[in-house]
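Let me begin by presenting the structure, written as structure tokens, before commenting on it.
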Amino acid sequence: SSATTFYDEIGGHEVFVGIVHRFYQQVAADPVLRPLYPEEDLGPAEVRLRMFLEQYWGGPRTYSEQRGHPRLRMRHAPFVIGLRERDHWLAAMKVGVDGAGLDDEHRERLWAYLEMAADSLVNSLH
Ligand code: HEM
């Protein structure tokens with residue numbers, strides 16, 4: 001085992017801020033994704049996703065302190081997420097991740113998780 005976490009290894013808070021900020025810039029301009037987000041201001045959603053990813057990768061546990069157990073399937077149930085929505089989400093996230101300039105090992109590990117997580121949240125074959 002190692003004393004450092006993936007969160008630390010890739011550069012901590014600022015790197016997660018950057019990934020999620022670029023992701024939401026894509027969401028804001030995406031005609032498939034943008035209508036899914038219930039609030040006009042994407043800022044609070046940006047903070048929630050950033051806190052979740054920081055916690056998942058070994059950073060601060062602020063997400064659960066504020067939001068409780070993640071329960072991502074349940075929290076996404078109000079939104080119709082088909083293959084098209086998943087693909088747009090992943091395309092937006094790819095812009096976010098690519099902009100972080102991670103080394104191949106870390107980028108591949110992060111990306112494998114994000115693809116798995118996005119697949120797991122598909123809840124409609126509309
Ligand atoms: C919240 C869409 C995948 C993590 C949301 C929200 C929408 C959404 C519309 C509500 C925004 C808000 O108010 O926070 C989607 C779509 C996906 C997707 C279309 C495509 C598959 C993912 C993935 C993750 C994730 C892969 C994690 C790796 C979250 C989190 C929240 C959230 C943490 C906030 C939950 C809360 O605390 O309320 N998502 N999402 N989402 N999403 Fe996703």
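Scheme for the structure tokens: letters A, B, ... for chains in order shown; per-chain residue numbers from 1; ligand numbers from 1 in order shown.
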Set out as a Markdown table a contact list for chain A and ligand 1 with a cut-off of 8 Å, giving each residue of chain A that qualifies its closest atom pair and distance in Å to one decimal, counting only C-alpha atoms and all ligand atoms, ordered by chain and rising residue number.
| residue | atom | partner | partner_atom_place_in_ligand_line | distance |
| --- | --- | --- | --- | --- |
| A:Leu33 | CA | ligand 1 | 19 (C) | 6.2 |
| A:Leu36 | CA | ligand 1 | 9 (C) | 4.7 |
| A:Tyr37 | CA | ligand 1 | 9 (C) | 4.2 |
| A:Pro38 | CA | ligand 1 | 13 (O) | 6.6 |
| A:Glu39 | CA | ligand 1 | 13 (O) | 6.8 |
| A:Leu42 | CA | ligand 1 | 11 (C) | 7.7 |
| A:Pro44 | CA | ligand 1 | 14 (O) | 6.8 |
| A:Ala45 | CA | ligand 1 | 14 (O) | 3.8 |
| A:Glu46 | CA | ligand 1 | 14 (O) | 7.0 |
| A:Arg48 | CA | ligand 1 | 34 (C) | 5.0 |
| A:Leu49 | CA | ligand 1 | 33 (C) | 4.3 |
| A:Arg50 | CA | ligand 1 | 33 (C) | 7.5 |
| A:Met51 | CA | ligand 1 | 33 (C) | 7.5 |
| A:Phe52 | CA | ligand 1 | 33 (C) | 5.0 |
| A:Leu53 | CA | ligand 1 | 28 (C) | 6.7 |
| A:Tyr63 | CA | ligand 1 | 37 (O) | 7.4 |
| A:Arg67 | CA | ligand 1 | 37 (O) | 5.4 |
| A:Gly68 | CA | ligand 1 | 37 (O) | 7.9 |
| A:Pro70 | CA | ligand 1 | 37 (O) | 6.4 |
| A:Leu72 | CA | ligand 1 | 4 (C) | 6.4 |
| A:Arg75 | CA | ligand 1 | 35 (C) | 5.8 |
| A:His76 | CA | ligand 1 | 39 (N) | 5.9 |
| A:Phe79 | CA | ligand 1 | 9 (C) | 6.0 |
| A:Val80 | CA | ligand 1 | 19 (C) | 7.4 |
| A:Ile81 | CA | ligand 1 | 19 (C) | 5.3 |
| A:Gly82 | CA | ligand 1 | 21 (C) | 7.7 |
| A:Leu83 | CA | ligand 1 | 21 (C) | 8.0 |
| A:Glu85 | CA | ligand 1 | 19 (C) | 5.0 |
| A:Arg86 | CA | ligand 1 | 21 (C) | 3.9 |
| A:Asp87 | CA | ligand 1 | 20 (C) | 7.3 |
| A:His88 | CA | ligand 1 | 20 (C) | 7.4 |
| A:Trp89 | CA | ligand 1 | 20 (C) | 4.9 |
| A:Leu90 | CA | ligand 1 | 20 (C) | 7.1 |
| A:Tyr113 | CA | ligand 1 | 28 (C) | 7.5 |
| A:Leu114 | CA | ligand 1 | 26 (C) | 5.4 |
| A:Glu115 | CA | ligand 1 | 26 (C) | 6.9 |
| A:Met116 | CA | ligand 1 | 26 (C) | 7.4 |
| A:Ala117 | CA | ligand 1 | 26 (C) | 4.3 |
| A:Ala118 | CA | ligand 1 | 26 (C) | 3.7 |
| A:Asp119 | CA | ligand 1 | 21 (C) | 6.3 |
| A:Ser120 | CA | ligand 1 | 21 (C) | 7.6 |
| A:Leu121 | CA | ligand 1 | 21 (C) | 5.2 |
| A:Val122 | CA | ligand 1 | 21 (C) | 5.8 |
For this session: Write out as a PyMOL selection string all residues of chain A that DSSP puts in helix (DSSP H, G or I) for this structure's backbone.
Result: chain A and resi 6-9+13-28+34-36+43-56+62-67+72-76+83-98+104-120
For this session: For each of A:Arg84, A:His126, A:Arg109, A:His69, take the minimum atom-to-atom distance to A:Pro31, counting only C-alpha atoms, then give the residue where this is smallest.
Result: A:Arg84
Exercise. Looking at only C-alpha atoms, which of A:Gln25, A:Ser64, A:Asn123, A:Gln55 is the one that sits closest to A:Phe6?
Worked result: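 Comparing A:Gln25, A:Ser64, A:Asn123, A:Gln55 against A:Phe6, the winner is A:Gln55.
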Problem set entry | Selected residue of minimal separation from A:Tyr7 among A:Arg71, A:Tyr56, A:Lys94, A:Leu102, counting only C-alpha atoms | A:Tyr56
Problem set entry | Å distance separating atom CA of A:Gly96 from atom CA of A:Phe23, one decimal place | 4.7 Å
Problem set entry | Closest of A:Glu65, A:Asp98, A:Glu108, A:Glu54 to A:Val17 - atom-to-atom distances counting only C-alpha atoms |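 Counting only C-alpha atoms, the residue closest to A:Val17 is A:Glu54.
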Problem set entry | Non-local contacts of A:Asp41 (12 Å; only C-alpha atoms; under 5 positions in same chain excluded) as a list in words |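 Residues near the query, excluding close chain neighbours: Tyr24, Gln25, Val27, Ala28, Arg34, Glu46 and Val47 of chain A.
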Store the residues of this selection in a file with C-alpha atoms, as a PDB file, in the first residue's frame.
ATOM      1  CA  TYR A  24     -19.380  21.755 -17.438  1.00  0.00           C
ATOM      2  CA  GLN A  25     -18.269  24.220 -20.117  1.00  0.00           C
ATOM      3  CA  VAL A  27     -22.344  20.598 -20.880  1.00  0.00           C
ATOM      4  CA  ALA A  28     -23.413  24.246 -21.088  1.00  0.00           C
ATOM      5  CA  ARG A  34     -27.957  20.925 -21.226  1.00  0.00           C
ATOM      6  CA  GLU A  46     -20.297  21.525 -10.911  1.00  0.00           C
ATOM      7  CA  VAL A  47     -19.370  21.618  -7.229  1.00  0.00           C
TER       8      VAL A  47
END
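Using only C-alpha atoms for every distance, the candidate list A:Arg107, A:Leu125, A:Thr62, A:Met74 yields A:Thr62 as the residue closest to A:His13.
Going from atom CA of A:Ala112 to atom CA of A:Gly11 covers 18.9 Å.
For the residues A:Ala92, A:Ala29, A:Ile10, A:Ala100, ranking by smallest atom-to-atom distance to A:Trp57 using only C-alpha atoms places A:Ile10 first.
Coordinates place atom CA of A:Val97 at a distance of 9.1 Å from atom CA of A:Phe16.
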